[in-house]
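**Q** So that you have it, the file is coords.txt, and it contains compact mmCIF, C-alpha atoms:
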# COMPACT_ATOMS: atom_id res chain seq x y z
CA MET O 842 0.00 0.00 0.00
CA ASN O 843 1.67 3.23 -1.18
CA LEU O 844 0.07 5.31 1.57
CA ARG O 845 2.34 3.58 4.08
CA ILE O 846 5.21 5.51 2.53
CA LEU O 847 3.59 8.67 3.94
CA PHE O 848 4.33 7.44 7.43
CA TYR O 849 7.79 6.09 6.66
CA LEU O 850 8.89 9.40 5.12
CA LEU O 851 7.24 11.76 7.59
CA PHE O 852 7.62 9.98 10.94
CA PRO O 853 11.43 9.94 11.13
CA VAL O 854 11.58 13.57 10.01
CA VAL O 855 9.88 15.05 13.02
CA PHE O 856 12.30 13.31 15.37
CA CYS O 857 15.46 14.43 13.56
CA PHE O 858 17.52 16.86 15.56
CA SER O 859 21.12 17.96 15.89
CA GLN O 860 23.33 15.49 17.72
CA ASN O 861 26.38 17.71 18.12
CA ARG O 862 24.88 20.46 20.25
CA LYS O 863 23.67 20.32 23.83
CA GLU O 864 19.88 20.41 23.91
CA LYS O 865 17.26 20.80 26.57
CA LYS O 866 15.09 17.72 26.30
CA LYS O 867 11.61 17.83 27.71
CA TYR O 868 8.70 15.55 26.88
CA THR O 869 4.99 15.60 27.60
CA ILE O 870 2.15 13.20 26.98
CA ASP O 871 -1.51 14.06 26.62
CA ALA O 872 -4.81 12.24 26.25
CA SER O 873 -7.97 13.87 24.87
CA PRO O 874 -11.27 11.99 24.52
CA PHE O 875 -13.55 13.55 21.90
CA TYR O 876 -17.16 13.42 20.77
CA GLY O 877 -18.56 15.02 17.64
CA SER O 878 -20.40 14.81 14.34
CA VAL O 879 -19.58 13.76 10.79
CA LEU O 880 -19.96 16.81 8.55
CA LEU O 881 -22.17 16.51 5.48
CA HIS O 882 -19.60 17.76 2.98
CA ASN O 883 -21.14 15.62 0.22
CA PRO O 884 -24.81 14.51 -0.02
CA ASP O 885 -23.60 11.07 -1.17
CA ILE O 886 -22.66 10.19 2.43
CA SER O 887 -25.94 11.32 4.04
CA HIS O 888 -26.93 7.68 4.64
CA LEU O 889 -23.75 7.20 6.70
CA ILE O 890 -24.45 10.00 9.19
CA THR O 891 -26.58 8.16 11.72
CA ASP O 892 -24.91 8.84 15.09
CA HIS O 893 -22.18 10.85 16.78
CA PRO O 894 -18.65 9.41 16.56
CA GLY O 895 -16.34 9.38 19.53
CA GLY O 896 -12.81 8.37 20.40
CA ALA O 897 -9.53 9.56 21.86
CA ILE O 898 -6.30 11.27 20.80
CA LEU O 899 -3.11 10.14 22.55
CA SER O 900 0.10 12.11 21.99
CA PHE O 901 3.79 12.18 22.81
CA ASN O 902 5.46 15.59 22.45
CA ARG O 903 9.03 16.88 22.36
CA LYS O 904 9.28 20.53 23.42
CA THR O 905 11.71 23.02 21.87
CA TYR O 906 13.47 25.92 23.55
CA GLY O 907 15.09 27.85 20.73
CA LEU O 908 18.37 26.04 20.16
CA GLU O 909 17.62 25.97 16.44
CA GLU O 910 16.77 29.21 14.67
CA TRP O 911 13.51 27.88 13.21
CA GLU O 912 12.23 27.13 16.74
CA GLN O 913 12.55 30.80 17.67
CA HIS O 914 10.83 31.99 14.49
CA TYR O 915 7.84 29.73 15.17
CA ASN O 916 7.51 30.62 18.86
CA TYR O 917 9.06 27.41 20.24
CA PRO O 918 6.70 24.73 18.91
CA ASP O 919 6.51 21.07 19.95
CA TYR O 920 6.74 18.10 17.64
CA GLY O 921 5.84 14.50 18.20
CA ALA O 922 3.68 11.50 17.38
CA SER O 923 0.03 10.81 18.06
CA PHE O 924 -2.45 7.96 17.90
CA VAL O 925 -6.14 8.50 17.16
CA TYR O 926 -8.87 5.96 17.84
CA GLN O 927 -12.29 6.82 16.40
CA ASP O 928 -15.48 4.80 16.61
CA MET O 929 -17.70 6.13 13.82
CA ASN O 930 -20.75 4.68 15.66
CA ASN O 931 -22.03 3.40 12.34
CA GLU O 932 -21.90 -0.29 11.39
CA THR O 933 -21.12 0.55 7.77
CA LEU O 934 -18.14 2.79 8.59
CA GLY O 935 -16.70 0.78 11.47
CA LYS O 936 -13.74 2.04 13.49
CA ASN O 937 -10.58 3.91 12.51
CA PHE O 938 -7.07 3.73 13.98
CA GLY O 939 -4.54 6.39 12.95
CA LEU O 940 -0.84 7.05 13.53
CA TYR O 941 0.46 10.59 12.89
CA ALA O 942 3.41 12.94 13.08
CA HIS O 943 2.40 16.37 14.38
CA TYR O 944 3.50 19.88 15.24
CA ASN O 945 2.07 22.05 18.05
CA PHE O 946 2.17 25.84 17.61
CA TYR O 947 1.41 28.32 20.41
CA PHE O 948 -0.32 31.69 20.60
CA LEU O 949 -1.56 34.21 23.21
CA LYS O 950 1.20 33.69 25.79
CA ARG O 951 1.20 29.94 25.00
CA ASN O 952 -2.36 29.50 26.28
CA ILE O 953 -3.71 28.60 22.83
CA GLN O 954 -2.30 25.58 21.02
CA PHE O 955 -2.84 24.76 17.35
CA ARG O 956 -1.87 21.25 16.26
CA ILE O 957 -1.63 19.81 12.78
CA GLY O 958 -1.06 16.09 12.35
CA GLN O 959 -0.55 14.03 9.20
CA GLY O 960 -0.37 10.27 8.92
CA ILE O 961 -2.14 7.08 7.91
CA ALA O 962 -5.26 5.44 9.28
CA TYR O 963 -6.61 1.90 9.14
CA THR O 964 -10.35 1.33 8.90
CA THR O 965 -11.98 -1.90 10.04
CA ASN O 966 -14.84 -1.90 7.53
CA PRO O 967 -13.96 -0.51 4.05
CA TYR O 968 -16.13 -0.79 0.95
CA ASP O 969 -16.82 -4.30 -0.36
CA LYS O 970 -19.10 -4.84 -3.32
CA GLU O 971 -20.72 -7.86 -1.65
CA THR O 972 -20.51 -7.39 2.12
CA ASN O 973 -20.30 -3.61 2.60
CA PHE O 974 -21.50 -1.91 -0.59
CA ARG O 975 -23.07 1.00 1.34
CA ASN O 976 -19.68 2.32 2.45
CA ASN O 977 -18.93 4.76 -0.34
CA ALA O 978 -16.69 6.85 1.97
CA TYR O 979 -13.74 4.47 2.46
CA GLY O 980 -12.58 2.47 -0.53
CA SER O 981 -9.45 0.97 1.03
CA ASP O 982 -8.18 -0.43 4.33
CA PHE O 983 -5.48 2.24 4.66
CA MET O 984 -6.15 5.93 4.15
CA SER O 985 -4.32 9.21 4.36
CA SER O 986 -5.51 11.19 7.35
CA THR O 987 -5.08 14.73 8.63
CA TYR O 988 -6.25 16.15 11.91
CA LEU O 989 -6.33 19.66 13.38
CA MET O 990 -6.78 20.73 16.99
CA LEU O 991 -7.37 24.21 18.40
CA ASN O 992 -7.21 24.04 22.20
CA TYR O 993 -6.93 26.07 25.33
CA HIS O 994 -3.75 24.54 26.70
CA LYS O 995 -2.39 24.92 30.24
CA GLU O 996 0.57 22.85 31.35
CA ASN O 997 1.88 22.11 34.85
CA ILE O 998 -1.09 23.25 36.89
CA PHE O 999 -0.20 20.78 39.64
CA LYS O 1000 2.99 18.71 39.81
CA GLY O 1001 3.36 18.36 36.07
CA LEU O 1002 -0.33 17.79 35.39
CA GLY O 1003 -2.17 20.14 33.05
CA PHE O 1004 -5.41 20.53 31.14
CA LYS O 1005 -6.51 21.14 27.55
CA ALA O 1006 -9.89 21.56 25.84
CA GLY O 1007 -11.14 22.72 22.46
CA ILE O 1008 -12.20 21.51 19.03
CA SER O 1009 -10.77 18.97 16.59
CA LEU O 1010 -11.26 18.20 12.91
CA ILE O 1011 -10.33 14.71 11.67
CA HIS O 1012 -10.23 13.92 7.95
CA TYR O 1013 -9.97 10.47 6.32
CA SER O 1014 -9.47 9.94 2.60
CA ASN O 1015 -7.49 7.62 0.33
CA ALA O 1016 -7.27 10.38 -2.32
CA ASN O 1017 -8.75 8.15 -5.05
CA PHE O 1018 -6.12 5.49 -4.50
CA ARG O 1019 -9.11 3.18 -4.86
CA ALA O 1020 -12.78 3.96 -5.50
CA PRO O 1021 -15.06 4.80 -3.82
CA ASN O 1022 -13.53 7.72 -1.95
CA THR O 1023 -16.15 10.15 -0.72
CA SER O 1024 -14.19 10.53 2.59
CA THR O 1025 -15.38 11.81 5.98
CA ASN O 1026 -14.69 14.88 8.12
CA THR O 1027 -15.44 14.77 11.84
CA LEU O 1028 -15.82 17.97 13.85
CA ALA O 1029 -15.52 17.21 17.56
CA LEU O 1030 -15.22 18.71 21.02
CA ASN O 1031 -12.30 17.40 23.03
CA ALA O 1032 -11.00 17.77 26.58
CA GLY O 1033 -8.15 16.02 28.30
CA LEU O 1034 -5.05 16.01 30.47
CA ILE O 1035 -1.38 16.79 29.86
CA TYR O 1036 1.45 15.31 31.89
CA ASP O 1037 5.02 16.57 32.01
CA LEU O 1038 7.34 13.56 32.18
CA ASP O 1039 9.80 15.67 34.22
CA GLY O 1040 7.17 16.22 36.86
CA GLY O 1041 6.89 19.95 36.23
CA GLU O 1042 10.56 20.99 35.95
CA THR O 1043 10.75 24.23 34.00
CA PHE O 1044 13.34 25.33 31.42
CA GLU O 1045 13.97 28.83 30.15
CA TYR O 1046 13.39 29.62 26.49
CA LEU O 1047 16.45 30.95 24.73
CA PRO O 1048 15.95 34.61 23.75
CA LYS O 1049 15.07 35.18 20.14
CA SER O 1050 18.08 36.11 18.08
CA GLU O 1051 18.09 39.10 15.79
CA LYS O 1052 16.33 38.29 12.54
CA VAL O 1053 18.70 37.68 9.67
CA LYS O 1054 17.39 38.65 6.27
CA ILE O 1055 17.66 35.75 3.83
CA THR O 1056 18.16 36.68 0.21
CA GLU O 1057 18.54 34.23 -2.64
CA PRO O 1058 18.53 34.52 -6.41
CA ILE O 1059 15.71 32.88 -8.33
CA ARG O 1060 16.02 29.10 -7.94
CA TYR O 1061 14.92 26.49 -10.46
CA ASN O 1062 13.21 23.22 -9.53
CA MET O 1063 12.54 19.94 -11.30
CA VAL O 1064 10.21 17.35 -9.76
CA LEU O 1065 9.14 13.85 -10.80
CA ARG O 1066 5.96 12.65 -9.08
CA GLY O 1067 4.10 9.38 -9.32
CA GLY O 1068 1.66 6.97 -7.72
CA LEU O 1069 -1.49 4.94 -8.26
CA ASN O 1070 -5.10 6.07 -8.49
CA GLU O 1071 -8.51 5.14 -9.86
CA SER O 1072 -11.41 7.05 -11.36
CA ASP O 1073 -14.71 7.40 -9.51
CA VAL O 1074 -16.09 4.45 -11.48
CA ILE O 1075 -15.94 1.62 -8.94
CA GLY O 1076 -14.06 -1.38 -10.24
CA SER O 1077 -12.46 0.46 -13.16
CA GLY O 1078 -9.01 -0.45 -11.85
CA GLN O 1079 -5.94 1.26 -10.45
CA TYR O 1080 -3.42 2.74 -12.83
CA GLY O 1081 -0.02 4.31 -12.43
CA PHE O 1082 0.55 7.97 -13.17
CA PHE O 1083 3.53 10.29 -13.32
CA ILE O 1084 3.92 14.04 -13.48
CA LEU O 1085 6.80 16.18 -14.64
CA SER O 1086 6.98 19.59 -12.97
CA ALA O 1087 9.32 22.51 -13.54
CA TYR O 1088 9.12 25.80 -11.69
CA ALA O 1089 11.07 28.82 -10.52
CA ASP O 1090 10.88 30.10 -6.97
CA LYS O 1091 11.93 33.33 -5.30
CA ARG O 1092 12.66 33.46 -1.58
CA LEU O 1093 10.86 36.32 0.18
CA GLY O 1094 12.48 35.85 3.57
CA ARG O 1095 13.14 33.28 6.30
CA LYS O 1096 9.75 31.63 5.98
CA SER O 1097 8.36 32.04 2.47
CA ALA O 1098 9.01 31.66 -1.23
CA VAL O 1099 6.69 32.15 -4.20
CA GLN O 1100 6.61 29.82 -7.19
CA LEU O 1101 5.69 29.92 -10.88
CA GLY O 1102 5.79 26.79 -13.01
CA ALA O 1103 4.21 24.13 -15.18
CA ASP O 1104 3.07 20.49 -14.84
CA VAL O 1105 2.72 17.79 -17.49
CA PHE O 1106 0.32 15.04 -16.37
CA PHE O 1107 0.39 11.45 -17.64
CA SER O 1108 -2.66 10.03 -15.81
CA ASN O 1109 -3.34 6.55 -17.10
CA PHE O 1110 -6.63 6.17 -15.24
CA LEU O 1111 -8.03 8.73 -17.69
CA LYS O 1112 -7.30 6.36 -20.57
CA GLU O 1113 -9.69 3.84 -19.06
CA LEU O 1114 -12.24 6.53 -18.19
CA ILE O 1115 -12.17 7.86 -21.77
CA ARG O 1116 -12.67 4.34 -23.13
CA PHE O 1117 -15.50 3.65 -20.66
CA GLN O 1118 -17.39 6.87 -21.35
CA SER O 1119 -16.97 6.62 -25.13
CA ILE O 1120 -18.57 3.15 -25.15
CA SER O 1121 -21.10 3.35 -22.31
CA PHE O 1122 -22.28 6.95 -22.61
CA PRO O 1123 -22.34 8.04 -26.28
CA GLU O 1124 -24.43 11.07 -25.31
CA MET O 1125 -21.34 12.50 -23.59
CA ASN O 1126 -19.63 12.89 -26.99
CA VAL O 1127 -16.37 11.40 -25.76
CA ASN O 1128 -14.10 10.03 -28.46
CA ILE O 1129 -12.05 6.95 -27.65
CA ASP O 1130 -9.04 8.65 -29.27
CA ASP O 1131 -9.20 11.71 -26.97
CA ASP O 1132 -5.82 12.48 -25.44
CA TYR O 1133 -5.46 11.63 -21.75
CA LYS O 1134 -2.52 13.98 -21.14
CA ARG O 1135 -2.87 17.43 -19.58
CA ILE O 1136 -0.61 20.47 -19.17
CA GLY O 1137 -1.08 23.03 -16.43
CA LEU O 1138 0.46 26.31 -15.27
CA PHE O 1139 0.52 27.11 -11.58
CA LEU O 1140 1.32 29.72 -8.93
CA GLY O 1141 2.57 28.47 -5.59
CA HIS O 1142 3.85 29.25 -2.14
CA GLU O 1143 6.36 27.41 0.05
CA LEU O 1144 6.44 27.82 3.83
CA PHE O 1145 9.84 26.82 5.27
CA ILE O 1146 9.90 25.37 8.78
CA ASN O 1147 13.16 23.47 9.36
CA LYS O 1148 14.16 20.81 6.87
CA MET O 1149 10.45 20.51 6.23
CA SER O 1150 8.29 22.89 4.24
CA VAL O 1151 4.62 23.17 3.35
CA VAL O 1152 3.72 23.66 -0.31
CA THR O 1153 0.46 25.08 -1.73
CA GLN O 1154 -0.16 25.53 -5.45
CA LEU O 1155 -3.06 26.67 -7.61
CA GLY O 1156 -3.03 25.66 -11.27
CA TYR O 1157 -4.96 25.97 -14.51
CA TYR O 1158 -4.88 23.51 -17.42
CA VAL O 1159 -3.79 25.12 -20.66
CA TYR O 1160 -3.96 21.78 -22.51
CA TYR O 1161 -7.15 19.95 -21.56
CA PRO O 1162 -8.53 17.68 -24.30
CA PHE O 1163 -10.71 15.59 -21.97
CA ASP O 1164 -13.00 17.18 -19.40
CA PHE O 1165 -12.33 15.82 -15.91
CA GLU O 1166 -13.37 17.82 -12.83
CA GLY O 1167 -12.74 21.23 -14.43
CA LYS O 1168 -9.73 23.24 -15.52
CA VAL O 1169 -8.65 24.55 -12.09
CA TYR O 1170 -6.61 22.29 -9.83
CA ASN O 1171 -4.80 22.67 -6.54
CA ARG O 1172 -2.00 20.91 -4.69
CA ILE O 1173 -0.99 20.91 -1.04
CA GLY O 1174 1.65 18.87 0.71
CA LEU O 1175 4.98 18.48 2.47
CA LYS O 1176 8.59 18.65 1.30
CA ARG O 1177 11.60 17.29 3.14
CA TYR O 1178 15.03 18.60 2.13
CA PHE O 1179 18.04 16.29 2.13
CA GLY O 1180 20.85 18.81 1.96
CA ASP O 1181 20.55 22.09 0.08
CA LYS O 1182 19.30 20.80 -3.27
CA VAL O 1183 17.56 17.42 -3.15
CA PHE O 1184 14.09 16.99 -1.65
CA GLY O 1185 11.30 14.45 -1.32
CA ALA O 1186 7.64 15.44 -1.44
CA ILE O 1187 4.22 14.06 -0.60
CA THR O 1188 1.38 16.12 -2.05
CA LEU O 1189 -2.36 15.86 -2.55
CA LYS O 1190 -3.60 16.96 -5.95
CA SER O 1191 -7.30 17.80 -6.21
CA HIS O 1192 -9.92 19.86 -7.98
CA GLY O 1193 -11.44 21.91 -5.19
CA ALA O 1194 -12.52 19.35 -2.58
CA ALA O 1195 -12.45 16.44 -5.08
CA ALA O 1196 -9.15 14.59 -4.58
CA GLU O 1197 -7.45 13.06 -7.62
CA ALA O 1198 -4.27 11.52 -6.22
CA VAL O 1199 -1.63 11.36 -3.53
CA GLU O 1200 1.66 12.13 -5.30
CA PHE O 1201 5.04 10.86 -4.16
CA GLY O 1202 7.85 12.91 -5.62
CA VAL O 1203 11.57 13.55 -5.70
CA GLY O 1204 13.10 16.77 -6.93
CA ILE O 1205 16.09 19.06 -7.13
CA ARG O 1206 16.35 22.80 -6.41
CA LEU O 1207 19.17 24.54 -8.24
Translate this file's structure into structure tokens.
**A**
Amino acid sequence: MNLRILFYLLFPVVFCFSQNRKEKKKYTIDASPFYGSVLLHNPDISHLITDHPGGAILSFNRKTYGLEEWEQHYNYPDYGASFVYQDMNNETLGKNFGLYAHYNFYFLKRNIQFRIGQGIAYTTNPYDKETNFRNNAYGSDFMSSTYLMLNYHKENIFKGLGFKAGISLIHYSNANFRAPNTSTNTLALNAGLIYDLDGGETFEYLPKSEKVKITEPIRYNMVLRGGLNESDVIGSGQYGFFILSAYADKRLGRKSAVQLGADVFFSNFLKELIRFQSISFPEMNVNIDDDYKRIGLFLGHELFINKMSVVTQLGYYVYYPFDFEGKVYNRIGLKRYFGDKVFGAITLKSHGAAAEAVEFGVGIRL
């Protein structure tokens, strides 16, 4: 299952840190039961919203104190790993178990915590054409999953014990790795406890160093992406795809760069979709010889954290012989730099909220 690579690439990254400098090491754990509702983001899943899901989020966190420059710029965040158990309280959907890497960011004198976690989830009851045909949300056992938390967060109230409460959003989708893939989004209230494994010992944050202006010339990037996906026609089969991307980026400062570039898409699932529609739906005026390739131009932004960065891109197809989900597309994902030039990337390509594929890529920045 290719989605496992998401965990293998991301999980070690968040625990990488310098070994040749003395660091203050402090760890916390937290547990947050939650209870919420599945959002009706698509009327096709209305039959699956029958009760309120519940579960728990368990987390292990490594705190930062400003030894690395990026820690100071992001107000001394935490990073760590988390496990999410969710009972969908619906026989068709079953239960989900997720493993994530996450970052915690702090605001308002560190009383407000925002967490973003990305990982993979296993569902106990995916779609099956004979035994579970009503589950049009989860088409595979393993899915990509993202969760967000916005909490009031107070540590070390009494002997290392603290409290947190707020709201969470948990998303499950296999990004059309296999149909069906309508996905679910759960909005929940959560409350729980935090425990400092040092029993409440406090460390001082290193003072923020003077900001150094980063200037770079325009850099040029080449990326090769690939993976497997399937059209929305259940049973049409999974097909490999690859994408060639070239773009220029200009660094705006320590945190940001803007991008301008082009993609060439070789999406083999469209070959089968073109064949299927040309034969089964003649009223759609699809010709079996229609070209499956597409070319797009895009604008993008890259947010640099440490060796990781977050990429967002908005594109428009300038070569679009076959109509599939419209001419506007978007991409969001993570990059991990290995040195100054080479990077790996995991991105989600979609058309609005309709996911097309999880892309696994390798690239070079010159």
**Q** For each of O:Arg1066, O:Leu934, O:Arg903, O:Glu909, take the minimum atom-to-atom distance to Ile890 in chain O, counting all atoms listed in the file, then give the residue where this is smallest.
**A**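 The closest residue to Ile890 in chain O is O:Leu934.
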**Q** Out of O:Asp928, O:Trp911, O:Asn997, O:Thr972, which residue has the shortest atom-to-atom distance to Ser1150 in chain O when counting all atoms listed in the file?
**A**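 When distances to Ser1150 in chain O are compared using all atoms listed in the file, the smallest one comes from O:Trp911.
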**Q** Which residues, written as a list in words, have at least one atom at most 12 Å from Val1169 in chain O, with only C-alpha atoms counted and residues fewer than 5 positions away on the same chain left out?
**A**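 Here the answer would be Arg1135, Ile1136, Gly1137, Leu1138, Phe1139, Leu1140, Gln1154, Leu1155, Gly1156, Tyr1157, Tyr1158, Val1159, Tyr1160, Tyr1161, Asp1164, Lys1190, Ser1191, His1192, Gly1193, Ala1194 and Ala1195 of chain O.
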**Q** Which is closest to Arg975 in chain O among O:Asp885, O:Asp919, O:Glu1071, O:Asp1130, if we use all atoms listed in the file?
**A**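 Ranked by minimum distance to Arg975 in chain O, first place goes to O:Asp885.
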**Q** Find the residue from O:His882, O:Lys970, O:Arg1206, O:Lys904 that sits nearest to Glu1045 in chain O; use all atoms listed in the file when measuring.
**A**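 Among O:His882, O:Lys970, O:Arg1206, O:Lys904, it is O:Lys904 that comes nearest to Glu1045 in chain O.
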**Q** Any chance you could build range 1121-1130 of chain O out to all heavy atoms and write it as a short mmCIF file (atom, residue, chain, number, x, y, z; two decimals), in the frame of the given file?
**A**
data_model
loop_
_atom_site.label_atom_id
_atom_site.label_comp_id
_atom_site.auth_asym_id
_atom_site.auth_seq_id
_atom_site.Cartn_x
_atom_site.Cartn_y
_atom_site.Cartn_z
N SER O 1121 -19.90 3.49 -23.13
CA SER O 1121 -21.10 3.35 -22.31
C SER O 1121 -22.02 4.57 -22.35
O SER O 1121 -23.22 4.45 -22.09
CB SER O 1121 -20.70 3.08 -20.85
OG SER O 1121 -19.91 1.92 -20.76
N PHE O 1122 -21.47 5.73 -22.64
CA PHE O 1122 -22.28 6.95 -22.61
C PHE O 1122 -22.04 7.76 -23.88
O PHE O 1122 -21.37 8.81 -23.85
CB PHE O 1122 -21.94 7.79 -21.37
CG PHE O 1122 -22.21 7.10 -20.06
CD1 PHE O 1122 -21.19 6.45 -19.39
CD2 PHE O 1122 -23.49 7.08 -19.53
CE1 PHE O 1122 -21.43 5.80 -18.19
CE2 PHE O 1122 -23.75 6.45 -18.33
CZ PHE O 1122 -22.72 5.79 -17.66
N PRO O 1123 -22.56 7.32 -25.02
CA PRO O 1123 -22.34 8.04 -26.28
C PRO O 1123 -22.87 9.46 -26.25
O PRO O 1123 -22.39 10.32 -27.00
CB PRO O 1123 -23.07 7.18 -27.31
CG PRO O 1123 -24.02 6.33 -26.53
CD PRO O 1123 -23.38 6.10 -25.20
N GLU O 1124 -23.87 9.71 -25.38
CA GLU O 1124 -24.43 11.07 -25.31
C GLU O 1124 -23.44 12.08 -24.73
O GLU O 1124 -23.65 13.30 -24.84
CB GLU O 1124 -25.71 11.07 -24.46
CG GLU O 1124 -25.53 10.79 -22.97
CD GLU O 1124 -25.48 9.29 -22.64
OE1 GLU O 1124 -25.36 8.47 -23.59
OE2 GLU O 1124 -25.58 8.96 -21.46
N MET O 1125 -22.35 11.60 -24.14
CA MET O 1125 -21.34 12.50 -23.59
C MET O 1125 -20.37 13.01 -24.65
O MET O 1125 -19.53 13.87 -24.37
CB MET O 1125 -20.57 11.80 -22.45
CG MET O 1125 -21.43 11.40 -21.27
SD MET O 1125 -20.50 10.61 -19.94
CE MET O 1125 -19.58 12.00 -19.30
N ASN O 1126 -20.46 12.45 -25.85
CA ASN O 1126 -19.63 12.89 -26.99
C ASN O 1126 -18.13 12.77 -26.69
O ASN O 1126 -17.34 13.64 -27.05
CB ASN O 1126 -19.98 14.33 -27.38
CG ASN O 1126 -21.40 14.45 -27.89
OD1 ASN O 1126 -21.87 13.61 -28.65
ND2 ASN O 1126 -22.09 15.50 -27.47
N VAL O 1127 -17.77 11.68 -26.02
CA VAL O 1127 -16.37 11.40 -25.76
C VAL O 1127 -15.85 10.48 -26.85
O VAL O 1127 -16.46 9.45 -27.16
CB VAL O 1127 -16.17 10.74 -24.37
CG1 VAL O 1127 -14.73 10.33 -24.17
CG2 VAL O 1127 -16.61 11.71 -23.28
N ASN O 1128 -14.72 10.84 -27.41
CA ASN O 1128 -14.10 10.03 -28.46
C ASN O 1128 -13.03 9.15 -27.85
O ASN O 1128 -12.22 9.60 -27.04
CB ASN O 1128 -13.48 10.96 -29.52
CG ASN O 1128 -13.06 10.20 -30.77
OD1 ASN O 1128 -12.41 9.17 -30.70
ND2 ASN O 1128 -13.44 10.72 -31.93
N ILE O 1129 -13.00 7.88 -28.23
CA ILE O 1129 -12.05 6.95 -27.65
C ILE O 1129 -10.60 7.36 -27.93
O ILE O 1129 -9.67 6.95 -27.22
CB ILE O 1129 -12.32 5.51 -28.16
CG1 ILE O 1129 -11.60 4.49 -27.25
CG2 ILE O 1129 -11.89 5.37 -29.62
CD1 ILE O 1129 -11.99 3.06 -27.52
N ASP O 1130 -10.39 8.19 -28.94
CA ASP O 1130 -9.04 8.65 -29.27
C ASP O 1130 -8.66 9.96 -28.57
O ASP O 1130 -7.58 10.50 -28.83
CB ASP O 1130 -8.92 8.85 -30.78
CG ASP O 1130 -9.06 7.54 -31.54
OD1 ASP O 1130 -8.57 6.51 -31.03
OD2 ASP O 1130 -9.66 7.55 -32.64
#
